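Raw run.cif, mmCIF, C-alpha atoms and all ligand atoms:
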data_coords
loop_
_atom_site.group_PDB
_atom_site.id
_atom_site.type_symbol
_atom_site.label_atom_id
_atom_site.label_comp_id
_atom_site.auth_asym_id
_atom_site.auth_seq_id
_atom_site.Cartn_x
_atom_site.Cartn_y
_atom_site.Cartn_z
ATOM 1 C CA MET A 1 184.044 -6.614 -88.379
ATOM 2 C CA ILE A 2 184.286 -9.728 -90.551
ATOM 3 C CA ARG A 3 186.046 -11.571 -87.746
ATOM 4 C CA ARG A 4 183.241 -10.615 -85.357
ATOM 5 C CA MET A 5 180.655 -11.933 -87.813
ATOM 6 C CA VAL A 6 182.552 -15.202 -88.168
ATOM 7 C CA TYR A 7 182.611 -15.585 -84.381
ATOM 8 C CA LEU A 8 178.893 -14.815 -84.239
ATOM 9 C CA ALA A 9 178.131 -17.346 -86.980
ATOM 10 C CA ALA A 10 180.258 -19.978 -85.231
ATOM 11 C CA ALA A 11 178.491 -19.317 -81.933
ATOM 12 C CA LEU A 12 175.102 -19.711 -83.660
ATOM 13 C CA VAL A 13 176.177 -23.009 -85.227
ATOM 14 C CA VAL A 14 177.356 -24.330 -81.833
ATOM 15 C CA LEU A 15 174.094 -23.205 -80.200
ATOM 16 C CA ALA A 16 172.001 -24.785 -82.939
ATOM 17 C CA ALA A 17 173.982 -28.028 -82.678
ATOM 18 C CA ALA A 18 173.482 -28.119 -78.900
ATOM 19 C CA PHE A 19 169.781 -27.385 -79.346
ATOM 20 C CA PHE A 20 168.979 -29.886 -82.039
ATOM 21 C CA SER A 21 171.509 -32.716 -81.756
ATOM 22 C CA PRO A 22 169.851 -34.509 -78.793
ATOM 23 C CA SER A 23 166.636 -34.312 -80.763
ATOM 24 C CA ILE A 24 168.255 -35.854 -83.826
ATOM 25 C CA ALA A 25 169.755 -38.589 -81.654
ATOM 26 C CA GLN A 26 166.247 -39.375 -80.402
ATOM 27 C CA CYS A 27 164.508 -39.322 -83.762
ATOM 28 C CA ALA A 28 162.971 -42.713 -83.182
ATOM 29 C CA PHE A 29 162.570 -45.070 -80.276
ATOM 30 C CA SER A 30 164.395 -48.345 -80.275
ATOM 31 C CA PRO A 31 161.921 -51.150 -80.982
ATOM 32 C CA GLY A 32 161.894 -52.035 -77.275
ATOM 33 C CA GLU A 33 160.471 -55.199 -75.795
ATOM 34 C CA SER A 34 157.954 -57.029 -77.897
ATOM 35 C CA GLY A 35 154.397 -56.344 -76.696
ATOM 36 C CA PRO A 36 151.290 -58.507 -76.754
ATOM 37 C CA ALA A 37 150.551 -60.706 -79.782
ATOM 38 C CA SER A 38 148.602 -58.871 -82.471
ATOM 39 C CA SER A 39 145.485 -60.992 -81.812
ATOM 40 C CA GLN A 40 145.418 -59.600 -78.263
ATOM 41 C CA LEU A 41 145.563 -56.053 -79.618
ATOM 42 C CA LEU A 42 142.258 -56.396 -81.456
ATOM 43 C CA LEU A 43 139.358 -54.395 -80.081
ATOM 44 C CA PRO A 44 136.397 -56.473 -78.867
ATOM 45 C CA PRO A 45 133.325 -56.407 -81.137
ATOM 46 C CA ALA A 46 131.391 -53.128 -80.821
ATOM 47 C CA ALA A 47 128.397 -53.395 -78.501
ATOM 48 C CA PRO A 48 125.188 -51.606 -79.560
ATOM 49 C CA SER A 49 125.140 -48.093 -78.102
ATOM 50 C CA GLN A 50 123.647 -44.619 -78.370
ATOM 51 C CA ILE A 51 126.987 -42.883 -77.869
ATOM 52 C CA ARG A 52 127.889 -39.605 -79.540
ATOM 53 C CA VAL A 53 131.232 -37.901 -79.224
ATOM 54 C CA SER A 54 132.322 -34.314 -79.771
ATOM 55 C CA VAL A 55 135.427 -32.174 -79.277
ATOM 56 C CA LEU A 56 135.059 -28.923 -77.350
ATOM 57 C CA LYS A 57 137.791 -26.473 -78.256
ATOM 58 C CA THR A 58 138.549 -24.277 -75.248
ATOM 59 C CA GLY A 59 141.862 -22.742 -76.314
ATOM 60 C CA HIS A 60 144.565 -22.887 -78.937
ATOM 61 C CA THR A 61 148.056 -21.892 -79.971
ATOM 62 C CA SER A 62 150.604 -22.988 -82.569
ATOM 63 C CA ALA A 63 154.266 -23.953 -82.674
ATOM 64 C CA PRO A 64 156.914 -25.141 -85.126
ATOM 65 C CA GLU A 65 156.387 -28.866 -85.589
ATOM 66 C CA ILE A 66 159.824 -29.669 -84.169
ATOM 67 C CA PHE A 67 158.648 -28.546 -80.727
ATOM 68 C CA THR A 68 155.904 -31.188 -80.773
ATOM 69 C CA TYR A 69 157.978 -34.268 -81.610
ATOM 70 C CA ALA A 70 161.583 -35.200 -82.219
ATOM 71 C CA CYS A 71 162.782 -34.395 -85.730
ATOM 72 C CA GLY A 72 159.604 -32.633 -86.752
ATOM 73 C CA SER A 73 160.000 -29.779 -89.204
ATOM 74 C CA LEU A 74 161.461 -26.501 -88.004
ATOM 75 C CA PHE A 75 159.626 -24.611 -90.736
ATOM 76 C CA HIS A 76 156.161 -26.185 -90.594
ATOM 77 C CA SER A 77 153.819 -24.670 -88.000
ATOM 78 C CA VAL A 78 151.231 -26.948 -86.375
ATOM 79 C CA GLY A 79 148.037 -26.092 -84.513
ATOM 80 C CA ILE A 80 147.791 -26.984 -80.833
ATOM 81 C CA ASN A 81 144.333 -27.119 -79.205
ATOM 82 C CA HIS A 82 143.263 -27.267 -75.589
ATOM 83 C CA THR A 83 140.234 -29.505 -75.498
ATOM 84 C CA ALA A 84 137.605 -31.361 -73.554
ATOM 85 C CA VAL A 85 135.901 -34.333 -75.216
ATOM 86 C CA LEU A 86 132.170 -34.835 -74.668
ATOM 87 C CA ILE A 87 130.832 -38.388 -74.624
ATOM 88 C CA GLU A 88 127.025 -38.445 -74.511
ATOM 89 C CA HIS A 89 125.750 -41.628 -72.887
ATOM 90 C CA PRO A 90 122.175 -42.503 -71.823
ATOM 91 C CA GLN A 91 123.398 -42.966 -68.236
ATOM 92 C CA GLY A 92 125.056 -39.535 -68.116
ATOM 93 C CA ASN A 93 127.522 -37.453 -70.040
ATOM 94 C CA VAL A 94 131.274 -37.796 -69.648
ATOM 95 C CA LEU A 95 133.970 -35.241 -70.314
ATOM 96 C CA PHE A 96 137.421 -36.567 -71.045
ATOM 97 C CA ASP A 97 139.532 -33.706 -69.659
ATOM 98 C CA SER A 98 138.027 -30.314 -68.968
ATOM 99 C CA GLY A 99 140.081 -27.953 -71.144
ATOM 100 C CA LEU A 100 140.745 -24.321 -70.229
ATOM 101 C CA GLY A 101 138.084 -23.175 -67.785
ATOM 102 C CA ARG A 102 136.394 -19.919 -66.886
ATOM 103 C CA GLY A 103 139.125 -19.114 -64.360
ATOM 104 C CA VAL A 104 142.199 -20.045 -66.401
ATOM 105 C CA ASP A 105 143.700 -16.538 -66.445
ATOM 106 C CA ALA A 106 143.532 -16.192 -62.663
ATOM 107 C CA GLN A 107 144.806 -19.760 -62.149
ATOM 108 C CA VAL A 108 147.815 -19.194 -64.386
ATOM 109 C CA ALA A 109 148.511 -15.735 -62.928
ATOM 110 C CA SER A 110 148.530 -16.998 -59.354
ATOM 111 C CA ASP A 111 150.179 -20.414 -59.669
ATOM 112 C CA MET A 112 152.354 -20.716 -62.770
ATOM 113 C CA ALA A 113 156.068 -19.868 -62.834
ATOM 114 C CA TRP A 114 157.040 -16.978 -65.119
ATOM 115 C CA TRP A 115 159.063 -19.165 -67.467
ATOM 116 C CA ALA A 116 156.193 -21.653 -67.784
ATOM 117 C CA LYS A 117 153.832 -18.782 -68.625
ATOM 118 C CA LEU A 118 156.151 -17.848 -71.490
ATOM 119 C CA LEU A 119 156.442 -21.438 -72.684
ATOM 120 C CA PHE A 120 152.749 -22.338 -72.417
ATOM 121 C CA ARG A 121 151.204 -19.243 -73.991
ATOM 122 C CA PHE A 122 147.649 -19.737 -75.266
ATOM 123 C CA GLU A 123 144.642 -18.034 -76.810
ATOM 124 C CA LYS A 124 141.318 -18.632 -75.101
ATOM 125 C CA ASP A 125 138.223 -20.001 -76.804
ATOM 126 C CA THR A 126 134.896 -20.624 -75.048
ATOM 127 C CA PRO A 127 135.129 -22.697 -71.836
ATOM 128 C CA ALA A 128 133.434 -26.115 -71.943
ATOM 129 C CA ARG A 129 130.865 -25.128 -69.300
ATOM 130 C CA ASP A 130 129.693 -22.141 -71.343
ATOM 131 C CA GLN A 131 129.550 -24.194 -74.558
ATOM 132 C CA LEU A 132 127.444 -26.922 -72.937
ATOM 133 C CA ASP A 133 125.141 -24.489 -71.110
ATOM 134 C CA ALA A 134 124.530 -22.442 -74.273
ATOM 135 C CA ALA A 135 123.579 -25.597 -76.168
ATOM 136 C CA GLY A 136 121.347 -26.920 -73.365
ATOM 137 C CA VAL A 137 123.493 -30.037 -72.892
ATOM 138 C CA ALA A 138 123.347 -31.596 -69.420
ATOM 139 C CA PRO A 139 126.539 -31.101 -67.412
ATOM 140 C CA PRO A 140 128.705 -34.199 -67.210
ATOM 141 C CA ARG A 141 128.083 -36.916 -64.642
ATOM 142 C CA TYR A 142 131.785 -37.756 -64.815
ATOM 143 C CA ILE A 143 134.949 -36.001 -65.862
ATOM 144 C CA ALA A 144 137.669 -38.539 -66.653
ATOM 145 C CA LEU A 145 141.018 -36.816 -66.323
ATOM 146 C CA SER A 146 143.719 -37.940 -68.736
ATOM 147 C CA HIS A 147 146.124 -36.320 -66.257
ATOM 148 C CA ALA A 148 146.232 -33.358 -63.896
ATOM 149 C CA HIS A 149 148.263 -30.827 -65.892
ATOM 150 C CA TRP A 150 146.931 -27.258 -65.953
ATOM 151 C CA ASP A 151 145.565 -27.375 -69.503
ATOM 152 C CA HIS A 152 143.437 -30.456 -68.724
ATOM 153 C CA ALA A 153 142.279 -29.713 -65.166
ATOM 154 C CA SER A 154 141.508 -25.993 -65.479
ATOM 155 C CA ALA A 155 137.722 -26.406 -65.695
ATOM 156 C CA LEU A 156 137.209 -29.010 -62.941
ATOM 157 C CA VAL A 157 135.951 -26.200 -60.698
ATOM 158 C CA ASP A 158 133.388 -25.238 -63.376
ATOM 159 C CA PHE A 159 131.730 -28.663 -63.016
ATOM 160 C CA LEU A 160 131.441 -29.280 -59.287
ATOM 161 C CA GLU A 161 128.396 -31.504 -59.818
ATOM 162 C CA ALA A 162 130.551 -34.051 -61.692
ATOM 163 C CA GLU A 163 132.571 -36.868 -60.187
ATOM 164 C CA VAL A 164 136.177 -36.635 -61.350
ATOM 165 C CA LEU A 165 137.640 -40.009 -62.292
ATOM 166 C CA VAL A 166 141.377 -40.044 -61.772
ATOM 167 C CA ALA A 167 144.039 -42.744 -61.410
ATOM 168 C CA GLY A 168 145.263 -43.287 -57.860
ATOM 169 C CA ALA A 169 148.854 -42.497 -58.836
ATOM 170 C CA GLU A 170 147.707 -39.168 -60.270
ATOM 171 C CA ARG A 171 146.107 -38.142 -56.972
ATOM 172 C CA THR A 172 149.466 -38.698 -55.259
ATOM 173 C CA PHE A 173 151.248 -36.782 -58.041
ATOM 174 C CA MET A 174 148.812 -33.863 -57.730
ATOM 175 C CA ALA A 175 149.433 -33.516 -54.019
ATOM 176 C CA ALA A 176 152.778 -31.834 -54.772
ATOM 177 C CA PRO A 177 152.364 -28.797 -57.049
ATOM 178 C CA THR A 178 154.727 -28.617 -60.028
ATOM 179 C CA HIS A 179 155.107 -26.120 -62.866
ATOM 180 C CA ALA A 180 152.230 -27.856 -64.651
ATOM 181 C CA VAL A 181 149.934 -28.843 -61.743
ATOM 182 C CA LEU A 182 148.250 -25.745 -60.325
ATOM 183 C CA PRO A 183 146.792 -25.819 -56.788
ATOM 184 C CA SER A 184 144.068 -23.338 -57.723
ATOM 185 C CA GLN A 185 142.711 -25.931 -60.151
ATOM 186 C CA VAL A 186 142.812 -29.093 -58.041
ATOM 187 C CA SER A 187 142.814 -28.182 -54.355
ATOM 188 C CA SER A 188 139.157 -27.181 -53.901
ATOM 189 C CA SER A 189 137.473 -29.386 -51.308
ATOM 190 C CA ALA A 190 134.309 -29.159 -53.431
ATOM 191 C CA ILE A 191 135.814 -31.311 -56.229
ATOM 192 C CA ARG A 192 134.373 -34.824 -55.997
ATOM 193 C CA TRP A 193 137.270 -37.148 -56.771
ATOM 194 C CA ARG A 194 136.766 -40.812 -57.485
ATOM 195 C CA GLU A 195 139.728 -43.116 -58.000
ATOM 196 C CA ILE A 196 139.563 -45.148 -61.216
ATOM 197 C CA ALA A 197 139.114 -48.799 -60.266
ATOM 198 C CA PHE A 198 141.298 -50.534 -62.846
ATOM 199 C CA GLU A 199 140.568 -54.239 -63.122
ATOM 200 C CA ASN A 200 142.801 -56.973 -64.461
ATOM 201 C CA LYS A 201 140.636 -57.210 -67.569
ATOM 202 C CA PRO A 202 142.760 -56.926 -70.716
ATOM 203 C CA TYR A 203 141.487 -54.510 -73.342
ATOM 204 C CA ALA A 204 143.163 -54.152 -76.757
ATOM 205 C CA GLY A 205 146.443 -55.429 -75.344
ATOM 206 C CA PHE A 206 146.344 -53.274 -72.215
ATOM 207 C CA PRO A 207 146.491 -55.619 -69.212
ATOM 208 C CA GLN A 208 144.185 -53.437 -67.116
ATOM 209 C CA SER A 209 141.040 -51.470 -67.920
ATOM 210 C CA ALA A 210 138.107 -49.683 -66.293
ATOM 211 C CA ASP A 211 134.755 -49.765 -68.102
ATOM 212 C CA ILE A 212 132.937 -46.587 -66.982
ATOM 213 C CA PHE A 213 129.374 -47.777 -67.707
ATOM 214 C CA ALA A 214 130.123 -51.530 -67.733
ATOM 215 C CA ASP A 215 128.825 -51.728 -71.298
ATOM 216 C CA GLY A 216 132.032 -51.484 -73.353
ATOM 217 C CA THR A 217 131.294 -48.016 -74.726
ATOM 218 C CA ALA A 218 133.786 -45.957 -72.691
ATOM 219 C CA VAL A 219 136.829 -47.839 -71.418
ATOM 220 C CA LEU A 220 139.770 -46.279 -69.587
ATOM 221 C CA VAL A 221 143.265 -47.798 -69.806
ATOM 222 C CA PRO A 222 146.515 -46.822 -68.042
ATOM 223 C CA LEU A 223 148.996 -44.853 -70.154
ATOM 224 C CA PHE A 224 151.326 -44.037 -67.292
ATOM 225 C CA GLY A 225 154.496 -42.061 -68.005
ATOM 226 C CA HIS A 226 153.697 -38.517 -69.118
ATOM 227 C CA THR A 227 152.451 -38.283 -65.536
ATOM 228 C CA PRO A 228 152.353 -41.176 -63.047
ATOM 229 C CA GLY A 229 148.593 -41.651 -63.508
ATOM 230 C CA SER A 230 147.998 -40.678 -67.153
ATOM 231 C CA VAL A 231 145.119 -42.589 -68.763
ATOM 232 C CA GLY A 232 143.533 -42.997 -72.191
ATOM 233 C CA LEU A 233 139.890 -43.546 -73.154
ATOM 234 C CA PHE A 234 138.465 -45.891 -75.796
ATOM 235 C CA VAL A 235 135.016 -44.843 -77.048
ATOM 236 C CA THR A 236 132.625 -46.809 -79.259
ATOM 237 C CA THR A 237 129.899 -44.693 -80.885
ATOM 238 C CA LYS A 238 126.390 -45.478 -82.112
ATOM 239 C CA THR A 239 127.608 -46.581 -85.536
ATOM 240 C CA GLY A 240 130.367 -48.774 -84.113
ATOM 241 C CA LYS A 241 133.137 -46.282 -84.869
ATOM 242 C CA ARG A 242 136.055 -46.559 -82.425
ATOM 243 C CA TYR A 243 138.087 -43.708 -80.989
ATOM 244 C CA PHE A 244 141.066 -43.739 -78.653
ATOM 245 C CA PHE A 245 141.715 -40.473 -76.817
ATOM 246 C CA VAL A 246 145.307 -40.645 -75.625
ATOM 247 C CA GLY A 247 145.855 -37.415 -73.692
ATOM 248 C CA ASP A 248 149.425 -36.136 -73.858
ATOM 249 C CA VAL A 249 151.387 -39.336 -74.476
ATOM 250 C CA VAL A 250 152.015 -37.677 -77.836
ATOM 251 C CA TRP A 251 151.045 -34.196 -78.958
ATOM 252 C CA ASN A 252 150.141 -35.206 -82.497
ATOM 253 C CA ARG A 253 149.488 -38.252 -84.647
ATOM 254 C CA ALA A 254 152.626 -37.701 -86.687
ATOM 255 C CA ALA A 255 154.631 -38.649 -83.592
ATOM 256 C CA LEU A 256 152.760 -41.962 -83.519
ATOM 257 C CA ARG A 257 153.186 -42.606 -87.226
ATOM 258 C CA HIS A 258 156.938 -42.088 -86.914
ATOM 259 C CA ALA A 259 157.207 -43.560 -83.361
ATOM 260 C CA ARG A 260 158.961 -40.430 -82.150
ATOM 261 C CA PRO A 261 159.098 -39.013 -78.638
ATOM 262 C CA LYS A 262 158.534 -35.369 -77.839
ATOM 263 C CA PHE A 263 161.237 -32.855 -78.721
ATOM 264 C CA TRP A 264 163.912 -33.586 -76.100
ATOM 265 C CA MET A 265 163.671 -30.209 -74.376
ATOM 266 C CA MET A 266 159.874 -30.242 -74.127
ATOM 267 C CA GLY A 267 159.903 -33.900 -73.065
ATOM 268 C CA ALA A 268 162.360 -33.035 -70.287
ATOM 269 C CA ILE A 269 159.965 -30.336 -69.062
ATOM 270 C CA VAL A 270 156.615 -32.110 -69.368
ATOM 271 C CA ASP A 271 157.151 -35.897 -69.261
ATOM 272 C CA ASN A 272 157.437 -37.264 -65.765
ATOM 273 C CA ASP A 273 159.056 -40.507 -67.009
ATOM 274 C CA ALA A 274 160.336 -40.434 -70.588
ATOM 275 C CA GLN A 275 160.932 -44.195 -70.753
ATOM 276 C CA GLU A 276 157.425 -45.055 -69.556
ATOM 277 C CA THR A 277 155.987 -42.459 -71.941
ATOM 278 C CA GLY A 278 157.847 -44.281 -74.719
ATOM 279 C CA VAL A 279 156.317 -47.595 -73.650
ATOM 280 C CA ALA A 280 152.845 -46.004 -73.773
ATOM 281 C CA LEU A 281 153.583 -44.524 -77.208
ATOM 282 C CA ARG A 282 154.592 -47.927 -78.556
ATOM 283 C CA GLN A 283 151.462 -49.509 -77.057
ATOM 284 C CA ILE A 284 149.267 -46.964 -78.817
ATOM 285 C CA ALA A 285 151.134 -47.407 -82.104
ATOM 286 C CA ALA A 286 150.689 -51.195 -81.867
ATOM 287 C CA VAL A 287 146.938 -50.884 -81.206
ATOM 288 C CA MET A 288 146.631 -48.523 -84.184
ATOM 289 C CA LYS A 289 148.397 -50.985 -86.437
ATOM 290 C CA ALA A 290 146.228 -53.919 -85.303
ATOM 291 C CA ASN A 291 142.987 -51.894 -85.656
ATOM 292 C CA PRO A 292 143.287 -49.808 -88.838
ATOM 293 C CA ASP A 293 139.800 -48.277 -88.389
ATOM 294 C CA LEU A 294 140.557 -47.011 -84.896
ATOM 295 C CA GLU A 295 140.872 -43.233 -84.763
ATOM 296 C CA VAL A 296 143.544 -42.139 -82.297
ATOM 297 C CA VAL A 297 143.104 -38.585 -81.020
ATOM 298 C CA PRO A 298 145.835 -36.837 -78.998
ATOM 299 C CA ALA A 299 144.569 -34.079 -76.696
ATOM 300 C CA HIS A 300 146.384 -31.249 -78.484
ATOM 301 C CA ASP A 301 146.414 -32.284 -82.162
ATOM 302 C CA ALA A 302 144.444 -29.510 -83.893
ATOM 303 C CA GLN A 303 144.551 -31.304 -87.241
ATOM 304 C CA ALA A 304 142.930 -34.421 -85.734
ATOM 305 C CA HIS A 305 140.291 -32.211 -84.066
ATOM 306 C CA ASP A 306 139.645 -30.265 -87.274
ATOM 307 C CA GLU A 307 138.922 -33.565 -89.024
ATOM 308 C CA LEU A 308 136.518 -34.662 -86.271
ATOM 309 C CA GLY A 309 134.745 -31.294 -86.210
ATOM 310 C CA TYR A 310 133.871 -29.323 -83.111
ATOM 311 C CA PHE A 311 130.942 -29.149 -80.725
ATOM 312 C CA PRO A 312 128.026 -28.755 -81.307
ATOM 313 C CA SER A 313 128.680 -31.093 -84.257
ATOM 314 C CA ARG A 314 128.877 -34.700 -83.100
ATOM 315 C CA ARG A 315 130.308 -37.995 -84.328
ATOM 316 C CA GLU A 316 128.026 -40.995 -83.974
HETATM 317 ZN ZN ZN A 401 148.377 -31.005 -72.226
#

Would you write the structure of this file as structure tokens?
Amino acid sequence: MIRRMVYLAAALVVLAAAFFSPSIAQCAFSPGESGPASSQLLLPPAAPSQIRVSVLKTGHTSAPEIFTYACGSLFHSVGINHTAVLIEHPQGNVLFDSGLGRGVDAQVASDMAWWAKLLFRFEKDTPARDQLDAAGVAPPRYIALSHAHWDHASALVDFLEAEVLVAGAERTFMAAPTHAVLPSQVSSSAIRWREIAFENKPYAGFPQSADIFADGTAVLVPLFGHTPGSVGLFVTTKTGKRYFFVGDVVWNRAALRHARPKFWMMGAIVDNDAQETGVALRQIAAVMKANPDLEVVPAHDAQAHDELGYFPSRRE
């Protein structure tokens, strides 16, 4: 009996070592190539605007911190939200991502592999369309998609009047379904896609950018890596406050503070190109350092969203 218990304990130790050791080895990125000079990382002066911003919570779950970034705590549970971000602009509203939509259960049931369903379990909150309709807020003119994964694209079909801004590389990526890109979410011929026209105009150290309203209030930048066409969105509000919504480059701000990649196993499942994702992470960390007032908001970081507050409350 004792011998059996010793064997069992030894097997558990070996399993734990196999599970966690790659994560420990990847606790932090190497410094990598030096990026732009810090003066180039500074945000341009805030232009006057009427912009308000708000987070719409459409679903949630939680997980031990270690599953969200390398060398996070095994014992500390963190909140994970599924969100859309509303940017209210005089020329039309924008959603950054769409969150979990009205049809998410059917989409997941029909298109997601069984193991992915187990891994990506979620609790539903109110879909973005229902939240906006109930509050009498005009549907978005644009949805800017950080990337095409299921938890970001689920509600595209709830907003068929919107144009969906997406990077060209993401359109190619979406053409082949994967465990995280669901055809039922992105294959409708009624979705009005528009490729993001990135220009060679540097913005906060990013060599390319796309200014949605050509007024500096909502500026998309490439953050390729997590998926081939992942993008981030800089927003400047009425009071001059700056936000940077960074999609899934990282799942929480702690990963940025510590410059840590995702937990190796989750990164292997969700990051299309781990090295490029690391480059994007370092870019974001550098911009944060150069602009201490900039608020960086990952798509799933419930703590960051709690601090911002949720729709219908707005930040100006
Ligand atoms: Zn996601």

List the residues selected by the PyMOL selection byres (((not hetatm)) within 9 of (chain A and resi 401)) in the file shown, writing them as a ChimeraX atom specification. /A:81-83,99,147-152,247-248,251,270,299-300

Using all atoms listed in the file, can you tell me which of A:Ile212, A:Val297, A:Leu281, A:Ala134 comes closest to Val246 (chain A)?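 That would be A:Val297, the residue with the smallest distance to Val246 (chain A).
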
Selection under test: the PyMOL selection byres (((chain A and resi 253) around 8) and not hetatm); residues as a ChimeraX atom specification: /A:250-252,254-257,296-298,301,304

Between A:Pro90, A:Phe234, A:His226, A:Gly168, which residue has the minimum interatomic distance to Ala268 (chain A), considering all atoms listed in the file?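 With all atoms listed in the file as the atom set, the closest residue is A:His226.
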
Report, in Å to a single decimal, how far apart CA of Ala180 (chain A) and CA of Ala113 (chain A) are.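 Here the two named atoms are 9.0 Å from each other.
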
So how far away is CA of Thr68 (chain A) from CA of Tyr203 (chain A), in Å?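 Separating CA of Tyr203 (chain A) from CA of Thr68 (chain A) is a distance of 28.4 Å.
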
Let me know the residues the PyMOL selection byres (((chain A and resi 157) around 9) and not hetatm) catches in the file above, as an MDAnalysis selection string. chainID A and resid 101:103 153:156 158:160 185:186 188 190:191

Could you name the residues that touch Ala218 (chain A) at 8 Å or less, counting all atoms listed in the file, but leaving out those on the same chain fewer than 2 positions away, as a ChimeraX atom specification? /A:211-213,215-216,220,233-236

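Between Lys262 (chain A) and the residues A:Glu65, A:Leu100, A:Gln40, A:Ser54, the shortest atom-to-atom distance, using only C-alpha atoms, involves A:Glu65.
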
Near Val231 (chain A), within 7 Å and counting all atoms listed in the file, which residues show up once chain neighbours fewer than 4 positions away are dropped, as a VMD selection string? chain A and resid 146 to 147 220 to 224

Hey, which bits of region 202-313 of chain A sit within 7 Å of region 55-62 of chain A, and for each residue what's the closest pair of atoms and how far apart in Å (one decimal), counting all atoms listed in the file, rows by chain and increasing number, as a Markdown table?
| residue | atom | partner | partner_atom | distance |
| --- | --- | --- | --- | --- |
| A:His305 | CA | A:Val55 | CA | 6.8 |
| A:Tyr310 | CA | A:Val55 | CA | 5.0 |
| A:Phe311 | CA | A:Leu56 | CA | 5.3 |

Would you list the contacts of Ala286 (chain A) as a list in words, taking every protein, DNA or RNA residue within 12 Å and counting all atoms listed in the file, but skipping same-chain residues closer than 4 positions in sequence?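 The filter keeps Pro31, Ser34, Gly35, Pro36, Ala37, Ser38, Ser39, Gln40, Leu41, Leu42, Leu43, Ala204, Gly205, Phe206, Leu256, Arg257, Ala259, Val279, Ala280, Leu281, Arg282, Ala290, Asn291, Pro292, Leu294 and Val296 of chain A.
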
Quick one: residues within 8 Å of Ile143 (chain A), all atoms listed in the file counted, chain neighbours fewer than 6 positions away excluded, as a PyMOL selection string? chain A and resi 94-98+156+162-165

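Among the candidate residues A:Ala46, A:Met265, A:Val287, A:Leu86, the one lying nearest to Leu119 (chain A) is A:Met265, with distances computed using only C-alpha atoms.
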
When you draw a straight line from CA of Arg52 (chain A) to CA of Gln91 (chain A), how long is it in Å? 12.6 Å

From A:Val53, A:Asp133, A:Leu74, A:Lys201, residue lying nearest Ser313 (chain A) [all atoms listed in the file]: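 Checking each of A:Val53, A:Asp133, A:Leu74, A:Lys201 against Ser313 (chain A), counting all atoms listed in the file, the winner is A:Val53.
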
Could you write region 166-179 of chain A as a short mmCIF file (atom, residue, chain, number, x, y, z; two decimals), in the frame of the given file, with N, CA and C atoms rebuilt where they are missing?
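The resulting file, rebuild-v4.cif, is shown below:
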data_model
loop_
_atom_site.label_atom_id
_atom_site.label_comp_id
_atom_site.auth_asym_id
_atom_site.auth_seq_id
_atom_site.Cartn_x
_atom_site.Cartn_y
_atom_site.Cartn_z
N VAL A 166 139.94 -40.28 -61.65
CA VAL A 166 141.38 -40.04 -61.77
C VAL A 166 142.12 -41.27 -61.24
N ALA A 167 143.24 -41.60 -61.87
CA ALA A 167 144.04 -42.74 -61.41
C ALA A 167 144.63 -42.44 -60.03
N GLY A 168 144.74 -43.47 -59.21
CA GLY A 168 145.26 -43.29 -57.86
C GLY A 168 146.64 -42.63 -57.87
N ALA A 169 147.50 -43.06 -58.78
CA ALA A 169 148.85 -42.50 -58.84
C ALA A 169 148.83 -41.01 -59.18
N GLU A 170 147.79 -40.58 -59.90
CA GLU A 170 147.71 -39.17 -60.27
C GLU A 170 147.33 -38.31 -59.06
N ARG A 171 146.48 -38.86 -58.19
CA ARG A 171 146.11 -38.14 -56.97
C ARG A 171 147.36 -37.87 -56.13
N THR A 172 148.23 -38.86 -56.03
CA THR A 172 149.47 -38.70 -55.26
C THR A 172 150.34 -37.64 -55.93
N PHE A 173 150.44 -37.73 -57.26
CA PHE A 173 151.25 -36.78 -58.04
C PHE A 173 150.74 -35.34 -57.87
N MET A 174 149.41 -35.19 -57.83
CA MET A 174 148.81 -33.86 -57.73
C MET A 174 149.04 -33.21 -56.37
N ALA A 175 149.30 -34.05 -55.38
CA ALA A 175 149.43 -33.52 -54.02
C ALA A 175 150.61 -32.55 -53.91
N ALA A 176 151.62 -32.73 -54.77
CA ALA A 176 152.78 -31.83 -54.77
C ALA A 176 152.71 -30.96 -56.02
N PRO A 177 152.46 -29.66 -55.87
CA PRO A 177 152.36 -28.80 -57.05
C PRO A 177 153.67 -28.80 -57.85
N THR A 178 153.56 -28.75 -59.15
CA THR A 178 154.73 -28.62 -60.03
C THR A 178 154.44 -27.45 -60.97
N HIS A 179 155.35 -27.21 -61.93
CA HIS A 179 155.11 -26.12 -62.87
C HIS A 179 153.85 -26.34 -63.70
#
